[in-house]
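Below is the file entry_29.txt, which contains compact mmCIF, C-alpha atoms.
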# COMPACT_ATOMS: atom_id res chain seq x y z
CA MET A 1393 37.19 31.60 -14.45
CA THR A 1394 37.91 28.35 -12.65
CA ALA A 1395 35.16 29.08 -10.14
CA GLN A 1396 32.61 28.65 -12.93
CA GLN A 1397 33.85 25.23 -13.87
CA PRO A 1398 31.95 23.11 -11.31
CA SER A 1399 28.56 24.49 -12.27
CA LEU A 1400 29.06 23.28 -15.84
CA MET A 1401 29.76 19.74 -14.74
CA CYS A 1402 27.16 16.98 -14.76
CA PRO A 1403 25.08 17.20 -11.58
CA VAL A 1404 25.17 13.40 -11.32
CA GLU A 1405 27.55 10.83 -12.81
CA VAL A 1406 27.15 7.27 -11.61
CA SER A 1407 29.44 4.54 -12.87
CA ASN A 1408 29.29 0.78 -12.30
CA LEU A 1409 27.55 1.33 -9.01
CA GLN A 1410 26.97 -1.70 -6.85
CA ARG A 1411 25.45 -1.68 -3.39
CA GLN A 1412 25.07 -4.50 -0.93
CA LEU A 1413 22.83 -4.59 2.12
CA ASP A 1414 23.00 -7.50 4.55
CA GLY A 1415 25.09 -9.49 2.11
CA GLN A 1416 22.57 -9.08 -0.70
CA THR A 1417 23.24 -7.15 -3.88
CA VAL A 1418 20.48 -4.53 -4.09
CA LEU A 1419 22.01 -2.41 -6.85
CA ASN A 1420 24.02 -3.96 -9.59
CA ASN A 1421 26.29 -2.34 -12.14
CA ILE A 1422 24.40 0.91 -12.56
CA SER A 1423 25.80 3.66 -14.75
CA LEU A 1424 23.93 6.85 -15.53
CA ASN A 1425 24.19 10.58 -15.97
CA VAL A 1426 22.01 13.54 -15.14
CA ARG A 1427 22.63 16.75 -17.08
CA GLY A 1428 21.65 20.25 -16.06
CA GLY A 1429 18.01 20.84 -17.07
CA ASP A 1430 17.06 17.16 -16.84
CA VAL A 1431 13.89 16.07 -15.12
CA VAL A 1432 14.28 12.34 -14.59
CA GLY A 1433 11.55 9.92 -13.54
CA LEU A 1434 12.58 6.76 -11.73
CA LEU A 1435 10.15 3.88 -12.18
CA GLY A 1436 10.28 0.47 -10.59
CA LYS A 1437 8.16 -2.01 -8.75
CA ASN A 1438 8.14 -2.08 -4.95
CA GLY A 1439 11.44 -3.43 -3.72
CA SER A 1440 13.28 -2.85 -6.98
CA GLY A 1441 15.86 -0.65 -5.25
CA LYS A 1442 14.62 2.87 -6.10
CA THR A 1443 15.15 4.36 -2.64
CA THR A 1444 18.53 2.66 -2.28
CA LEU A 1445 19.59 4.03 -5.66
CA LEU A 1446 18.61 7.59 -4.74
CA GLU A 1447 20.29 7.32 -1.35
CA THR A 1448 23.50 5.80 -2.71
CA MET A 1449 23.60 8.38 -5.49
CA LEU A 1450 23.49 11.13 -2.89
CA GLY A 1451 26.18 9.50 -0.75
CA PHE A 1452 24.00 8.40 2.19
CA GLY A 1453 25.60 4.97 1.96
CA PHE A 1454 28.82 3.50 0.64
CA PRO A 1455 28.72 1.51 -2.59
CA ALA A 1456 30.45 -1.87 -2.64
CA PHE A 1457 31.81 -1.00 -6.04
CA GLY A 1458 31.75 1.92 -8.46
CA GLU A 1459 31.03 5.51 -7.57
CA SER A 1460 28.58 8.36 -7.69
CA LEU A 1461 29.85 11.85 -8.42
CA LEU A 1462 27.89 15.04 -7.81
CA TRP A 1463 29.37 17.86 -9.89
CA GLY A 1464 32.57 15.84 -10.01
CA GLU A 1465 32.84 15.25 -6.24
CA ARG A 1466 32.49 11.82 -4.76
CA ALA A 1467 29.02 11.69 -3.17
CA THR A 1468 30.25 10.19 0.10
CA GLU A 1469 32.85 12.95 0.50
CA LEU A 1470 30.96 16.07 -0.56
CA SER A 1471 32.28 19.46 0.47
CA GLY A 1472 29.99 21.62 2.59
CA ALA A 1473 29.32 23.95 -0.33
CA THR A 1474 28.30 21.11 -2.64
CA LYS A 1475 26.00 19.63 0.01
CA GLN A 1476 24.15 22.96 -0.01
CA ARG A 1477 23.38 22.43 -3.69
CA VAL A 1478 21.31 19.31 -3.02
CA GLY A 1479 17.70 19.14 -1.89
CA TYR A 1480 16.21 15.80 -0.87
CA VAL A 1481 12.72 14.70 0.09
CA PRO A 1482 12.84 11.23 1.64
CA GLN A 1483 10.03 8.77 1.20
CA ARG A 1484 9.15 8.84 4.87
CA ASP A 1485 9.20 12.17 6.59
CA GLU A 1486 11.89 12.64 9.17
CA LEU A 1487 10.48 15.87 10.57
CA PRO A 1488 10.64 16.56 14.31
CA GLY A 1489 7.03 16.25 15.48
CA GLU A 1490 7.27 18.60 18.44
CA LEU A 1491 8.35 21.62 16.41
CA THR A 1492 6.23 23.98 14.34
CA PRO A 1493 7.20 24.78 10.74
CA GLN A 1494 8.19 28.27 11.87
CA GLN A 1495 10.63 26.89 14.45
CA LEU A 1496 11.99 24.47 11.88
CA PHE A 1497 12.49 27.24 9.32
CA ASN A 1498 14.41 29.32 11.87
CA LEU A 1499 16.69 26.36 12.45
CA TYR A 1500 17.23 25.56 8.80
CA ARG A 1501 17.84 29.17 7.90
CA GLN A 1502 20.97 29.17 10.06
CA LEU A 1503 22.28 26.01 8.42
CA ARG A 1504 21.55 26.99 4.85
CA PRO A 1505 23.30 30.09 3.44
CA ARG A 1506 21.13 30.08 0.30
CA TRP A 1507 17.87 30.01 2.28
CA ASN A 1508 15.05 31.72 0.38
CA GLN A 1509 12.60 32.98 2.99
CA ALA A 1510 10.51 34.73 0.33
CA LEU A 1511 9.82 31.39 -1.36
CA VAL A 1512 8.81 29.87 1.96
CA GLU A 1513 6.46 32.78 2.70
CA ARG A 1514 4.87 32.32 -0.70
CA LEU A 1515 4.57 28.51 -0.70
CA MET A 1516 3.20 28.01 2.82
CA PRO A 1517 -0.13 29.80 2.26
CA GLU A 1518 -0.31 28.59 -1.35
CA TRP A 1519 -0.12 25.02 -0.12
CA GLU A 1520 -2.46 25.77 2.77
CA LEU A 1521 0.08 25.02 5.46
CA SER A 1522 0.12 26.68 8.86
CA GLN A 1523 3.45 27.95 10.17
CA THR A 1524 2.43 27.55 13.79
CA LYS A 1525 0.87 24.09 13.94
CA ARG A 1526 2.97 21.36 15.51
CA ILE A 1527 4.22 18.94 12.91
CA ARG A 1528 2.90 15.86 14.72
CA ARG A 1529 -0.60 17.26 14.42
CA MET A 1530 -0.35 17.52 10.67
CA SER A 1531 -1.80 15.00 8.18
CA GLU A 1532 0.52 12.87 6.07
CA GLY A 1533 -0.17 15.06 3.05
CA GLN A 1534 0.63 18.24 4.98
CA LYS A 1535 3.87 16.74 6.28
CA GLN A 1536 4.81 15.73 2.77
CA LYS A 1537 4.19 19.27 1.51
CA LEU A 1538 6.26 20.69 4.35
CA ALA A 1539 9.11 18.30 3.54
CA ILE A 1540 9.01 19.58 -0.04
CA VAL A 1541 9.08 23.23 1.08
CA LEU A 1542 12.13 22.42 3.23
CA ALA A 1543 13.87 20.69 0.34
CA VAL A 1544 13.44 23.58 -2.12
CA ALA A 1545 13.82 26.53 0.26
CA HIS A 1546 17.60 26.73 -0.10
CA ASN A 1547 17.41 26.86 -3.91
CA PRO A 1548 19.19 23.57 -4.59
CA ASP A 1549 20.60 22.85 -8.04
CA LEU A 1550 19.78 19.16 -7.71
CA LEU A 1551 16.44 18.19 -6.27
CA VAL A 1552 15.82 14.53 -5.47
CA LEU A 1553 12.34 13.44 -4.47
CA ASP A 1554 11.47 9.92 -3.38
CA GLU A 1555 7.74 9.32 -3.92
CA PRO A 1556 6.95 12.98 -3.22
CA VAL A 1557 3.28 12.86 -4.11
CA ALA A 1558 2.17 9.54 -2.59
CA SER A 1559 0.06 11.25 0.10
CA LEU A 1560 -1.13 14.24 -1.91
CA ASP A 1561 -4.62 14.67 -3.32
CA PRO A 1562 -4.95 15.45 -7.05
CA ILE A 1563 -5.20 19.21 -6.52
CA ALA A 1564 -2.18 19.32 -4.24
CA ARG A 1565 -0.33 17.10 -6.69
CA ARG A 1566 -1.02 19.46 -9.57
CA GLN A 1567 0.03 22.47 -7.47
CA PHE A 1568 3.19 20.66 -6.53
CA PHE A 1569 4.07 19.85 -10.13
CA GLN A 1570 3.30 23.39 -11.26
CA GLN A 1571 5.72 24.64 -8.64
CA LEU A 1572 8.24 21.99 -9.59
CA MET A 1573 8.13 22.96 -13.28
CA ASP A 1574 8.49 26.61 -12.39
CA TYR A 1575 11.55 25.48 -10.48
CA ALA A 1576 12.82 23.48 -13.45
CA CYS A 1577 12.95 26.69 -15.52
CA ARG A 1578 16.02 27.81 -13.57
CA ASP A 1579 19.28 27.38 -15.45
CA ASN A 1580 21.09 24.09 -14.99
CA CYS A 1581 18.84 22.81 -12.29
CA ALA A 1582 18.16 19.06 -12.32
CA ILE A 1583 15.35 17.06 -10.76
CA ILE A 1584 15.09 13.34 -10.11
CA PHE A 1585 11.95 11.83 -8.70
CA SER A 1586 10.47 8.42 -8.18
CA SER A 1587 6.76 7.84 -8.29
CA HIS A 1588 4.17 5.21 -8.96
CA ILE A 1589 1.83 7.72 -10.50
CA VAL A 1590 2.93 7.34 -14.07
CA SER A 1591 0.52 9.91 -15.53
CA ASP A 1592 2.20 12.65 -13.49
CA MET A 1593 5.54 11.50 -14.73
CA GLU A 1594 4.49 11.75 -18.36
CA ARG A 1595 3.83 15.45 -18.03
CA ILE A 1596 7.03 16.47 -16.44
CA VAL A 1597 9.96 14.16 -17.12
CA ASN A 1598 12.19 14.22 -20.17
CA ARG A 1599 14.05 11.07 -19.19
CA VAL A 1600 12.93 7.78 -17.70
CA TRP A 1601 14.89 5.22 -15.71
CA CYS A 1602 13.42 1.80 -14.98
CA LEU A 1603 14.85 -0.25 -12.18
CA GLU A 1604 14.20 -3.97 -11.93
CA ASN A 1605 15.77 -6.15 -9.25
CA GLY A 1606 18.52 -3.61 -8.68
CA GLN A 1607 19.39 -3.33 -12.37
CA LEU A 1608 18.74 -0.44 -14.68
CA THR A 1609 16.65 -1.92 -17.50
CA CYS A 1610 15.83 1.34 -19.22
CA ASP A 1611 17.48 4.75 -19.47
CA SER A 1612 15.77 6.64 -22.26
CA GLU A 1613 14.44 10.01 -23.31
CA LEU A 1614 10.67 9.86 -22.77
CA ASP A 1615 9.86 11.03 -26.29
CA GLN A 1616 12.14 8.38 -27.71
CA LEU A 1617 10.50 5.73 -25.57
CA TYR A 1618 7.10 6.65 -27.00
CA GLU A 1619 8.42 6.21 -30.50
CA SER A 1620 10.37 3.03 -29.92
CA VAL A 1621 7.82 1.02 -27.91
CA VAL A 1622 4.61 0.50 -29.89
CA ARG A 1623 1.59 -1.72 -30.21
CA ILE A 1624 1.08 -3.44 -33.52
CA ASP A 1625 -2.20 -4.94 -34.67
CA TYR A 1626 -2.06 -7.17 -37.70
CA SER A 1627 -4.05 -9.60 -39.75
CA GLY A 1628 -2.82 -12.98 -40.85
CA GLN A 1629 -1.91 -16.19 -39.09
CA ILE A 1630 1.70 -16.38 -37.99
CA PRO A 1631 3.08 -19.13 -35.74
CA GLN A 1632 4.07 -17.76 -32.33
CA SER A 1633 7.46 -19.43 -32.64
CA GLN A 1634 8.28 -17.19 -35.60
CA LEU A 1635 7.17 -14.05 -33.78
CA ALA A 1636 9.32 -14.94 -30.79
CA GLU A 1637 12.38 -14.27 -32.95
CA LEU A 1638 11.48 -10.60 -33.30
CA THR A 1639 13.93 -8.18 -31.70
CA GLY A 1640 12.46 -6.36 -28.74
CA LEU A 1641 9.29 -8.44 -28.47
CA LEU A 1642 7.58 -7.57 -25.17
CA HIS A 1643 4.20 -9.15 -25.74
CA SER A 1644 2.35 -11.20 -28.33
CA GLU A 1645 -1.17 -12.54 -28.56
CA THR A 1646 -3.21 -13.90 -31.42
CA ASN A 1647 -6.91 -13.90 -32.21
CA ARG A 1648 -9.00 -15.41 -34.96
CA ALA A 1649 -8.16 -12.83 -37.60
CA GLY A 1650 -4.66 -11.82 -36.61
CA GLY A 1651 -2.97 -10.63 -33.50
CA GLN A 1652 -1.28 -8.00 -31.46
CA LEU A 1653 2.35 -7.39 -30.64
CA VAL A 1654 4.14 -5.00 -28.37
CA LEU A 1655 7.61 -4.26 -29.70
CA ALA A 1656 10.50 -2.27 -28.27
CA GLU A 1657 13.25 -0.91 -30.51
CA TRP A 1658 10.64 -0.05 -33.12
CA THR A 1659 11.44 2.06 -36.15
CA PRO A 1660 9.06 2.61 -39.09
CA GLN A 1661 11.58 0.77 -41.30
CA ARG A 1662 10.84 -2.42 -39.40
CA ALA A 1663 7.39 -2.67 -40.98
CA LYS A 1664 9.13 -4.43 -43.90
CA GLU A 1665 10.49 -7.05 -41.53
CA LEU A 1666 6.97 -7.80 -40.33
CA GLU A 1667 5.60 -8.01 -43.87
CA VAL A 1668 8.26 -10.56 -44.75
CA LEU A 1669 7.03 -12.69 -41.85
CA GLY A 1670 3.57 -12.63 -43.42
CA LEU A 1671 1.82 -10.03 -41.27
CA VAL A 1672 -0.64 -7.98 -43.30
CA ASP A 1673 -2.63 -4.81 -42.66
CA ILE A 1674 -0.14 -3.65 -40.03
CA ARG A 1675 -1.43 -0.90 -37.75
CA VAL A 1676 1.01 0.79 -35.41
CA SER A 1677 -0.25 2.69 -32.39
CA ALA A 1678 1.41 4.54 -29.56
CA LEU A 1679 1.35 3.39 -25.94
CA GLY A 1680 1.16 5.50 -22.82
CA LEU A 1681 4.03 5.28 -20.34
CA GLU A 1682 1.98 3.20 -17.93
CA ASP A 1683 1.43 0.51 -20.57
CA ILE A 1684 5.04 0.68 -21.66
CA PHE A 1685 6.12 0.18 -18.06
CA LEU A 1686 3.73 -2.76 -17.55
CA TYR A 1687 4.80 -4.55 -20.72
CA TRP A 1688 8.42 -3.82 -19.98
CA HIS A 1689 8.20 -5.54 -16.62
CA GLY A 1690 5.54 -8.14 -17.22
CA GLY A 1691 6.08 -9.15 -20.82
CA ALA A 1692 8.38 -11.81 -22.15
CA HIS A 1693 11.05 -9.24 -22.86
CA GLY A 1694 13.95 -10.68 -24.78
CA ARG A 1695 16.66 -8.64 -23.16
CA MET B 1329 -5.08 27.44 -23.72
CA PHE B 1330 -3.86 24.02 -24.79
CA ILE B 1331 -5.28 20.60 -24.08
CA LEU B 1332 -2.51 18.16 -23.26
CA ASN B 1333 -3.14 14.50 -22.94
CA PRO B 1334 -0.20 12.85 -21.22
CA GLY B 1335 -1.45 9.24 -21.30
CA SER B 1336 -1.93 9.09 -25.06
CA GLY B 1337 1.55 7.96 -26.02
CA ILE B 1338 1.95 10.99 -28.27
CA PRO B 1339 4.90 13.09 -27.09
CA ILE B 1340 3.62 16.27 -25.44
CA TYR B 1341 5.83 18.48 -27.62
CA ARG B 1342 4.12 16.99 -30.67
CA GLN B 1343 0.67 17.64 -29.19
CA LEU B 1344 1.70 21.26 -28.66
CA VAL B 1345 3.15 21.61 -32.16
CA GLU B 1346 -0.02 20.25 -33.73
CA GLN B 1347 -2.32 22.46 -31.68
CA ILE B 1348 -0.37 25.62 -32.44
CA ARG B 1349 -0.24 24.70 -36.15
CA ARG B 1350 -4.02 24.28 -36.12
CA LEU B 1351 -4.59 27.57 -34.30
CA VAL B 1352 -2.43 29.36 -36.87
CA ALA B 1353 -3.94 27.60 -39.88
CA GLY B 1354 -7.44 28.28 -38.57
CA GLY B 1355 -6.68 31.95 -37.94
CA GLN B 1356 -7.25 31.89 -34.16
CA LEU B 1357 -3.60 32.89 -33.87
CA GLN B 1358 -2.80 35.80 -36.20
CA PRO B 1359 0.59 37.01 -37.45
CA GLY B 1360 2.22 39.07 -34.72
CA ASP B 1361 0.26 37.40 -31.91
CA CYS B 1362 2.46 36.50 -28.94
CA LEU B 1363 2.67 33.07 -27.40
CA PRO B 1364 3.04 32.51 -23.66
CA SER B 1365 6.60 32.24 -22.37
CA VAL B 1366 8.12 28.82 -21.79
CA ARG B 1367 8.00 29.43 -18.07
CA GLU B 1368 4.36 30.47 -18.13
CA LEU B 1369 3.28 27.38 -20.06
CA ALA B 1370 5.50 25.07 -18.01
CA SER B 1371 4.05 26.17 -14.72
CA THR B 1372 0.39 26.52 -15.75
CA HIS B 1373 0.28 23.13 -17.47
CA ALA B 1374 2.79 21.48 -15.11
CA VAL B 1375 4.87 20.39 -18.07
CA ASN B 1376 8.63 20.12 -18.47
CA PRO B 1377 10.02 23.43 -19.81
CA MET B 1378 12.26 21.52 -22.22
CA THR B 1379 9.17 20.03 -23.83
CA ILE B 1380 7.81 23.49 -24.53
CA SER B 1381 11.14 24.78 -25.86
CA LYS B 1382 11.28 21.74 -28.11
CA ALA B 1383 7.84 22.53 -29.54
CA TYR B 1384 8.67 26.22 -30.01
CA ASN B 1385 12.00 25.37 -31.66
CA GLN B 1386 10.31 23.05 -34.12
CA LEU B 1387 7.67 25.65 -34.99
CA GLU B 1388 10.38 28.25 -35.42
CA ALA B 1389 12.29 25.94 -37.76
CA GLU B 1390 9.08 25.43 -39.75
CA GLY B 1391 8.68 29.19 -40.08
CA ILE B 1392 5.40 29.32 -38.17
CA LEU B 1393 6.81 31.18 -35.18
CA VAL B 1394 9.58 33.75 -34.93
CA ARG B 1395 11.80 34.54 -32.00
CA ARG B 1396 12.98 38.05 -31.25
CA ARG B 1397 15.57 38.80 -28.63
CA GLY B 1398 14.04 39.51 -25.25
CA ARG B 1399 10.49 39.16 -26.55
CA PRO B 1400 7.99 36.35 -26.43
CA MET B 1401 7.58 33.96 -29.36
CA GLU B 1402 5.42 35.43 -32.08
CA VAL B 1403 3.40 34.08 -34.97
CA ALA B 1404 5.42 34.80 -38.14
CA ALA B 1405 4.30 37.70 -40.35
CA ARG B 1406 3.59 35.25 -43.13
CA PRO B 1407 3.59 31.84 -41.52
CA THR B 1408 4.66 29.22 -44.03
CA GLN B 1409 1.46 27.72 -45.29
CA ALA B 1410 2.97 24.28 -45.72
CA ASP B 1411 -0.12 22.74 -44.19
CA THR B 1412 -3.64 23.69 -45.18
CA PRO B 1413 -6.40 23.08 -42.62
CA GLY B 1414 -7.35 20.06 -44.72
CA GLN B 1415 -3.87 18.59 -44.46
CA LEU B 1416 -3.96 19.06 -40.71
CA LEU B 1417 -7.00 16.81 -40.55
CA GLU B 1418 -5.11 13.95 -42.15
CA PRO B 1419 -4.26 12.15 -38.88
CA GLN B 1420 -7.97 12.06 -38.00
CA LEU B 1421 -8.80 10.84 -41.51
CA ASP B 1422 -6.19 8.10 -41.19
CA GLU B 1423 -7.85 6.98 -37.99
CA LEU B 1424 -11.24 6.92 -39.71
CA ILE B 1425 -9.92 4.80 -42.57
CA GLN B 1426 -8.27 2.42 -40.13
CA ALA B 1427 -11.46 2.01 -38.10
CA ALA B 1428 -13.45 1.44 -41.31
CA ARG B 1429 -11.06 -1.33 -42.38
CA GLN B 1430 -11.30 -2.99 -38.97
CA LEU B 1431 -15.09 -2.97 -39.26
CA GLY B 1432 -14.95 -4.31 -42.80
CA VAL B 1433 -16.54 -1.13 -44.21
CA GLU B 1434 -15.59 -0.40 -47.85
CA VAL B 1435 -13.41 2.72 -47.84
CA ASP B 1436 -15.18 3.92 -51.03
CA THR B 1437 -18.42 4.30 -49.11
CA LEU B 1438 -16.90 6.70 -46.55
CA PRO B 1439 -17.83 9.94 -48.40
CA GLU B 1440 -21.43 8.75 -48.50
CA LEU B 1441 -21.39 7.90 -44.78
CA LEU B 1442 -19.96 11.33 -43.99
CA ASP B 1443 -22.66 13.03 -46.08
CA ASP B 1444 -25.40 11.11 -44.28
CA TYR B 1445 -23.89 11.91 -40.94
CA LEU B 1446 -23.59 15.64 -41.65
CA ARG B 1447 -27.20 15.72 -42.84
CA GLN B 1448 -28.27 14.02 -39.63
CA LEU B 1449 -26.30 16.54 -37.55
CA ARG B 1450 -27.95 19.45 -39.36
CA LYS B 1451 -31.38 17.97 -38.82
CA GLU B 1452 -30.71 17.56 -35.09
CA LYS B 1453 -29.53 21.13 -34.88
CA SER B 1454 -32.58 22.59 -36.62
CA SER B 1455 -35.14 20.57 -34.67
What is this file in structure tokens?
Amino acid sequence: MTAQQPSLMCPVEVSNLQRQLDGQTVLNNISLNVRGGDVVGLLGKNGSGKTTLLETMLGFGFPAFGESLLWGERATELSGATKQRVGYVPQRDELPGELTPQQLFNLYRQLRPRWNQALVERLMPEWELSQTKRIRRMSEGQKQKLAIVLAVAHNPDLLVLDEPVASLDPIARRQFFQQLMDYACRDNCAIIFSSHIVSDMERIVNRVWCLENGQLTCDSELDQLYESVVRIDYSGQIPQSQLAELTGLLHSETNRAGGQLVLAEWTPQRAKELEVLGLVDIRVSALGLEDIFLYWHGGAHGR
Amino acid sequence: MFILNPGSGIPIYRQLVEQIRRLVAGGQLQPGDCLPSVRELASTHAVNPMTISKAYNQLEAEGILVRRRGRPMEVAARPTQADTPGQLLEPQLDELIQAARQLGVEVDTLPELLDDYLRQLRKEKSS
């Protein structure tokens, strides 16, 4: 059954990827994997290289070094059949304004053998989109929804969404994520999406990537991230210089009675280490992803 | 059916596990009752299906739920009563003790404070 083999391969394997634009390195030494069933959230400040990473991963541009493989095929040389397995929603819509959705669907249907008209017929009214309105007359949110319908209508096995919800209102966003999670229930389907709306990400991703200045600073299971990055309140007076030695220190501040730390690489066993330093009455609490992200990028992280 | 709080820093699978444990311990979910399918929960709550499978797997390993081929997850005939309702309140009690310490309230006086508070609640209810 050699024909089965490709579907078992990793949807995405990126190794030592480097990308240069106008002589500047915008992605540096990135290695990562996406397995079937993964829903990955890509976080990063504006200009950190998120869009470039997604585009290079999909083979829309040539890396200066390293490679990106989709189901084992080099992304810049994908076979026609493999291309059909990818769905992509770009950050800015590239939809032809003079056409109506209906005309666009008719066009796409001829290009996409796996086109699922039934899904289109279901999603359009659900998302309150008209099939006969010209695209240029649509709002940004409507265009974004249409771009999503177009990206999922051929049942891709890898769905990549660059800021898919930026223009959507909270109700549309929830509908979108409900649909997306329904989609994620299919076998071996993988989803990657970038967003600034961290609370959405917390519901739906199982893995988080953080990009900072073109480098991957975090590639972790979300649940593991929650357990390894924590806030610690303590009593006792400890010189800051001593605290600075702590592994994974992201943030530290003191007050009259004690202080507060944010530590990465936390394990419950490390409480001993803190007690030895003289911290007493240690209270460990969990942080939401938004806080983790802020400390990760703003704190004095010792990595 | 479930209340999920994504910003809390508590993994969503753990929130689900705790809520199902409570529903079983409190009798709202009875032996033989079916739970929604992974797909149903994933799309209604807009939550990653793997998260729900993870919660169901853990509850199955604990003997609270059972899986039968081709059928939805079910509450076990005799769910392991490892946790009494009282034990399930321990995280909330921990929080209370922590807050008391931060406020400099003697932990020994907590039962008294709780008594007073319950009495007050009853009075408000009857008036």
| request: Quick one: pull the distance between atom CA of A:Arg1662 and atom CA of A:Val1621, Å, one decimal. | output: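 Spanning atom CA of A:Arg1662 to atom CA of A:Val1621 is a straight-line distance of 12.4 Å.
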| Residues at most 6 Å from stretch 1586-1601 of chain A, counting all atoms listed in the file, excluding those fewer than 5 positions away in the same chain, as a VMD selection string? | (chain A and resid 1431 to 1434 1554 to 1555 1610 to 1614 1682) or (chain B and resid 1334 1375 to 1376)
Residues near stretch 1512-1517 of chain A, anyone? I mean within 8 Å using only C-alpha atoms, not counting same-chain ones fewer than 5 positions away, as a compact mmCIF listing (two decimals) with C-alpha atoms, keeping the file's coordinate frame.
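Output (out03.txt):
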# COMPACT_ATOMS: atom_id res chain seq x y z
CA SER A 1522 0.12 26.68 8.86
CA GLN A 1523 3.45 27.95 10.17
CA VAL A 1541 9.08 23.23 1.08
CA ALA A 1545 13.82 26.53 0.26
Using 7 Å as the limit and counting all atoms listed in the file, can you tabulate each residue of chain A that touches chain B, with its shortest atom-to-atom distance in Å and the two atoms involved, as CSV?
residue,atom,partner,partner_atom,distance
A:Phe1569,CA,B:Ala1374,CA,5.4
A:Gln1570,CA,B:Ala1374,CA,4.3
A:Gln1571,CA,B:Ser1371,CA,6.5
A:Met1573,CA,B:Ser1371,CA,5.4
A:Asp1574,CA,B:Ser1371,CA,5.0
A:Ala1576,CA,B:Pro1377,CA,6.9
A:Cys1577,CA,B:Pro1377,CA,6.1
A:Ser1591,CA,B:Gly1335,CA,6.1
A:Glu1594,CA,B:Pro1334,CA,5.6
A:Arg1595,CA,B:Val1375,CA,5.0
A:Ile1596,CA,B:Asn1376,CA,4.5
A:Val1597,CA,B:Asn1376,CA,6.3
A:Asp1615,CA,B:Pro1339,CA,5.4
A:Tyr1618,CA,B:Gly1337,CA,5.8
A:Ala1678,CA,B:Gly1337,CA,4.9
A:Leu1679,CA,B:Gly1337,CA,4.6
A:Gly1680,CA,B:Gly1337,CA,4.1
A:Leu1681,CA,B:Gly1337,CA,6.8
| So how far away is atom CA of A:Ser1620 from atom CA of A:Pro1660, in Å? | 9.3 Å
| message | Excluding B:Val1435 and its own-chain neighbours fewer than 4 positions away, which residues fall within 12 Å of it when counting only C-alpha atoms? Please give them as a PyMOL selection string. | response | chain B and resi 1421-1422+1424-1431+1439-1442
| request: Anything within 10 Å of (-5.5, 28.8, -25.3): list those residues as a count of residues only, counting only C-alpha atoms and sticking to the file's coordinates. | output: 10
| message | Let me make sure I understand: among A:Gln1536, A:Asn1421, A:Gln1494, A:Gln1652, which one has the smallest atom-to-atom distance to A:Ser1460 if we use all atoms listed in the file? | response |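 The closest residue to A:Ser1460 is A:Asn1421.
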Residues within 7 Å of (26.4, -0.1, -10.3), file coordinates, counting all atoms listed in the file: what are they? Give the list as an mmCIF file with C-alpha atoms, keeping the file's coordinate frame.
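Full text of selection.cif as output:
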data_model
loop_
_atom_site.group_PDB
_atom_site.id
_atom_site.type_symbol
_atom_site.label_atom_id
_atom_site.label_comp_id
_atom_site.auth_asym_id
_atom_site.auth_seq_id
_atom_site.Cartn_x
_atom_site.Cartn_y
_atom_site.Cartn_z
ATOM 1 C CA SER A 1407 29.440 4.540 -12.870
ATOM 2 C CA ASN A 1408 29.290 0.780 -12.300
ATOM 3 C CA LEU A 1409 27.550 1.330 -9.010
ATOM 4 C CA GLN A 1410 26.970 -1.700 -6.850
ATOM 5 C CA LEU A 1419 22.010 -2.410 -6.850
ATOM 6 C CA ASN A 1420 24.020 -3.960 -9.590
ATOM 7 C CA ASN A 1421 26.290 -2.340 -12.140
ATOM 8 C CA ILE A 1422 24.400 0.910 -12.560
ATOM 9 C CA SER A 1423 25.800 3.660 -14.750
ATOM 10 C CA PHE A 1457 31.810 -1.000 -6.040
ATOM 11 C CA GLY A 1458 31.750 1.920 -8.460
#
| query | What separation in Å, quoted to one decimal, exists between atom CA of A:Arg1566 and atom CA of A:Leu1542? | reply | 18.6 Å
| Which is closer to B:Val1345 than all the others in B:Ser1365, B:Gln1386, B:Gln1358, B:Ser1381, using all atoms listed in the file? |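 Closest candidate: B:Gln1386.
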Quick one: stretch 1382-1388 of chain B with N, CA and C atoms, as a short mmCIF file (atom, residue, chain, number, x, y, z; two decimals), in the frame of the given file?
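part_8.cif written:
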data_model
loop_
_atom_site.label_atom_id
_atom_site.label_comp_id
_atom_site.auth_asym_id
_atom_site.auth_seq_id
_atom_site.Cartn_x
_atom_site.Cartn_y
_atom_site.Cartn_z
N LYS B 1382 11.15 22.64 -26.96
CA LYS B 1382 11.28 21.74 -28.11
C LYS B 1382 10.18 22.03 -29.14
N ALA B 1383 8.96 22.22 -28.64
CA ALA B 1383 7.84 22.53 -29.54
C ALA B 1383 8.06 23.88 -30.22
N TYR B 1384 8.45 24.89 -29.44
CA TYR B 1384 8.67 26.22 -30.01
C TYR B 1384 9.80 26.19 -31.04
N ASN B 1385 10.88 25.44 -30.72
CA ASN B 1385 12.00 25.37 -31.66
C ASN B 1385 11.56 24.76 -32.98
N GLN B 1386 10.76 23.70 -32.88
CA GLN B 1386 10.31 23.05 -34.12
C GLN B 1386 9.45 24.01 -34.95
N LEU B 1387 8.55 24.73 -34.28
CA LEU B 1387 7.67 25.65 -34.99
C LEU B 1387 8.46 26.83 -35.58
N GLU B 1388 9.53 27.19 -34.89
CA GLU B 1388 10.38 28.25 -35.42
C GLU B 1388 11.09 27.75 -36.68
#
